[in-house]
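Trainee: Got a structure for you, questions after.
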Amino acid sequence: MKNKISKLLIAIPLVLVLTGCSFINDIINGGNSNDYSYKQVDKKIKDLEIDKNKQTDFNVGSDFVKPKVIATYEDGTTEDVTEKCEFTGYNMNVAGKQTVTVKYSNWTISYDITISEGSIGKTAKKINLPNSYKGNYFTGDTFVKPKVIATFTDDTEEDVTEYCTFEVPDMNLAGKHEVKVKFQRFSITFSITITQRYAKEQNNCYFSDYEKNLSG
C-alpha cells in the first residue's frame, strides 16, 4: 500500500510538469493543444495598391494573370500580398470589359480588364517577335508591348499583340528579366534589360549609370 502511495505522489508532480511544458511550448510555437492558443495581433492596413504594370488585355480562353498587390501597414511596412488576395468578377470565356475585384482582409479594390475575341476561326501554328525589338528600359518605366506576329495554319500572318497575355516583371527592379507572352496554345519568352535610374542634383534630370560615367 505504501509503495502505491509513493508512486502516486511521484506521478502527480510529473504530470503537472509535463502539462506546464506543453502549455509553454504551445505559446512559443503557436500551437493549440489543451485548448490554449496564441494568436499574433494582425497589423492594421493603411493602403492597398495594385501594380501599375498590371495586365488588363486578355484573349478569350486565356489564363487570368494576377497583378502584384502591395499592402502598406500603419507601422510603415509593406508586404506583397498577391497570393493572399481573392480575385473575383471575371470570366475568361466571355469577351468584353469586366471589373476584377481584389479583396484582402477587410479591404476591397477593383480594376477593369478587357477580354477580346481574338482571331476567330483561325488557329496559330507559331508566334514571333520582330528581330528589331530591343527591350531596354529604365527603372520606373512602363512596359511597352512589342509587336507579336502570329502565323496561322492557312499560312497567313497577323499582328495579334492585343490578344496576347504578357507576364511582365517588376519594372522597378534593375537587371535582366524574362517576359513571357502567350497566344492561344503558344508561348515565347524574351529578355528585357532595366537600367537603374538616378536623379542628378542639378536640374533634377534623370540619367542612366552609363550616362553618369560619361558625364564624370
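Identifiers in the C-alpha cells: chain A, B, ... in order shown; residue index from 1 per chain; ligand index from 1 in order shown.
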Find the residues around Ile109 of chain A up to 9 Å (only C-alpha atoms counted), leave out those fewer than 3 positions away in its own chain, and share them as number ranges by chain.
Mentor: A: 48-50, 100-104
Trainee: Restrict the selected residues to C-alpha atoms and save them as a compact mmCIF listing (two decimals), in the first residue's frame.
Mentor:
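What landed in result-v5.txt:
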```
# COMPACT_ATOMS: atom_id res chain seq x y z
CA LEU A 48 -3.77 48.52 -50.69
CA GLU A 49 -2.29 49.10 -54.14
CA ILE A 50 -2.27 47.21 -57.44
CA VAL A 100 -11.97 42.50 -61.31
CA THR A 101 -12.49 42.81 -57.56
CA VAL A 102 -9.50 42.27 -55.29
CA LYS A 103 -10.10 41.53 -51.62
CA TYR A 104 -7.54 41.31 -48.84
```
Trainee: May I have the residues within 12 Å of Ser105 of chain A as an MDAnalysis selection string, using only C-alpha atoms and disregarding those fewer than 6 positions away in the same chain?
Mentor: chainID A and resid 42:48 71 81:82 84:86
Trainee: Using the selection just defined, write its residues with N, CA and C atoms as a compact mmCIF listing (two decimals), in the first residue's frame.
Mentor:
```
# COMPACT_ATOMS: atom_id res chain seq x y z
N ASP A 42 -2.97 41.03 -35.77
CA ASP A 42 -2.85 41.47 -37.15
C ASP A 42 -2.52 42.95 -37.22
N LYS A 43 -1.63 43.30 -38.16
CA LYS A 43 -1.28 44.70 -38.34
C LYS A 43 -2.40 45.39 -39.12
N LYS A 44 -2.61 46.66 -38.84
CA LYS A 44 -3.67 47.41 -39.49
C LYS A 44 -3.20 47.90 -40.85
N ILE A 45 -4.05 47.71 -41.86
CA ILE A 45 -3.73 48.11 -43.23
C ILE A 45 -4.04 49.60 -43.42
N LYS A 46 -3.07 50.30 -44.00
CA LYS A 46 -3.25 51.72 -44.29
C LYS A 46 -3.63 51.94 -45.75
N ASP A 47 -3.09 51.09 -46.64
CA ASP A 47 -3.37 51.24 -48.07
C ASP A 47 -3.17 49.90 -48.78
N LEU A 48 -3.89 49.72 -49.86
CA LEU A 48 -3.77 48.52 -50.69
C LEU A 48 -3.66 48.98 -52.13
N ALA A 71 0.39 45.67 -49.86
CA ALA A 71 -0.30 46.25 -48.69
C ALA A 71 0.68 47.12 -47.92
N VAL A 81 1.11 40.92 -50.99
CA VAL A 81 0.04 40.05 -50.50
C VAL A 81 -0.75 39.43 -51.65
N THR A 82 -0.14 39.39 -52.83
CA THR A 82 -0.84 38.89 -54.02
C THR A 82 -1.50 37.54 -53.79
N LYS A 84 -2.34 36.19 -51.12
CA LYS A 84 -3.30 36.18 -50.02
C LYS A 84 -4.62 36.84 -50.42
N CYS A 85 -4.66 37.40 -51.63
CA CYS A 85 -5.85 38.11 -52.09
C CYS A 85 -6.84 37.18 -52.78
N GLU A 86 -8.07 37.61 -52.79
CA GLU A 86 -9.13 36.91 -53.52
C GLU A 86 -9.50 37.75 -54.74
```
Trainee: Kindly give the distance, in Å, that separates atom CA of Thr195 of chain A and atom CA of His177 of chain A, rounded to a single decimal.
Mentor: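 Separation between atom CA of Thr195 of chain A and atom CA of His177 of chain A: 11.0 Å.
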Trainee: Write out as JSON, numbers by chain the residues lying within 10 Å of Asn53 of chain A, counting only C-alpha atoms and excluding same-chain residues fewer than 2 positions away.
Mentor: {"A": [50, 51, 55, 56, 67, 68, 140, 141, 142, 143, 144, 167, 168, 169, 170, 171]}
Trainee: To one decimal in Å, tell me the separation between atom CA of Thr72 of chain A and atom CA of Gln196 of chain A.
Mentor: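 Between these atoms lies a distance of 24.1 Å.
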Trainee: Can you pull out every residue within 10 Å of Ala95 of chain A, counting only C-alpha atoms, but drop anything in the same chain fewer than 2 positions away, and send it as a PyMOL selection string?
Mentor: chain A and resi 58-61+91-93+97-98+114-118
Trainee: Please list as a ChimeraX atom specification every residue within 9 Å of Thr151 of chain A, counting only C-alpha atoms and excluding residues in the same chain fewer than 4 positions away.
Mentor: /A:123-128,155-158
Trainee: Can you measure atom CA of Leu129 of chain A to atom CA of Lys147 of chain A for me? One decimal in Å is fine.
Mentor: 6.2 Å
Trainee: Taking the backbone alone, and naming residues the way the document does, which bits of segment 54-185 of chain A are helix (DSSP H, G or I) by DSSP, as a PyMOL selection string?
Mentor: chain A and resi 82-84+161-163
Trainee: Selected residues, C-alpha atoms, written as a PDB file, in the first residue's frame, please.
Mentor:
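The resulting file, out.pdb, is reproduced below:
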```pdb
ATOM      1  CA  THR A  82      -0.837  38.888 -54.022  1.00  0.00           C
ATOM      2  CA  GLU A  83      -1.218  35.247 -53.060  1.00  0.00           C
ATOM      3  CA  LYS A  84      -3.300  36.185 -50.015  1.00  0.00           C
ATOM      4  CA  THR A 161      -0.317  41.841 -79.909  1.00  0.00           C
ATOM      5  CA  GLU A 162      -3.562  42.999 -78.316  1.00  0.00           C
ATOM      6  CA  TYR A 163      -4.767  39.416 -77.991  1.00  0.00           C
TER       7      TYR A 163
END
```
Trainee: Have a look at A:Thr139, A:Thr108, A:Ser132, A:Thr193 and name the one nearest to Gly175 of chain A; count only C-alpha atoms.
Mentor: A:Thr193
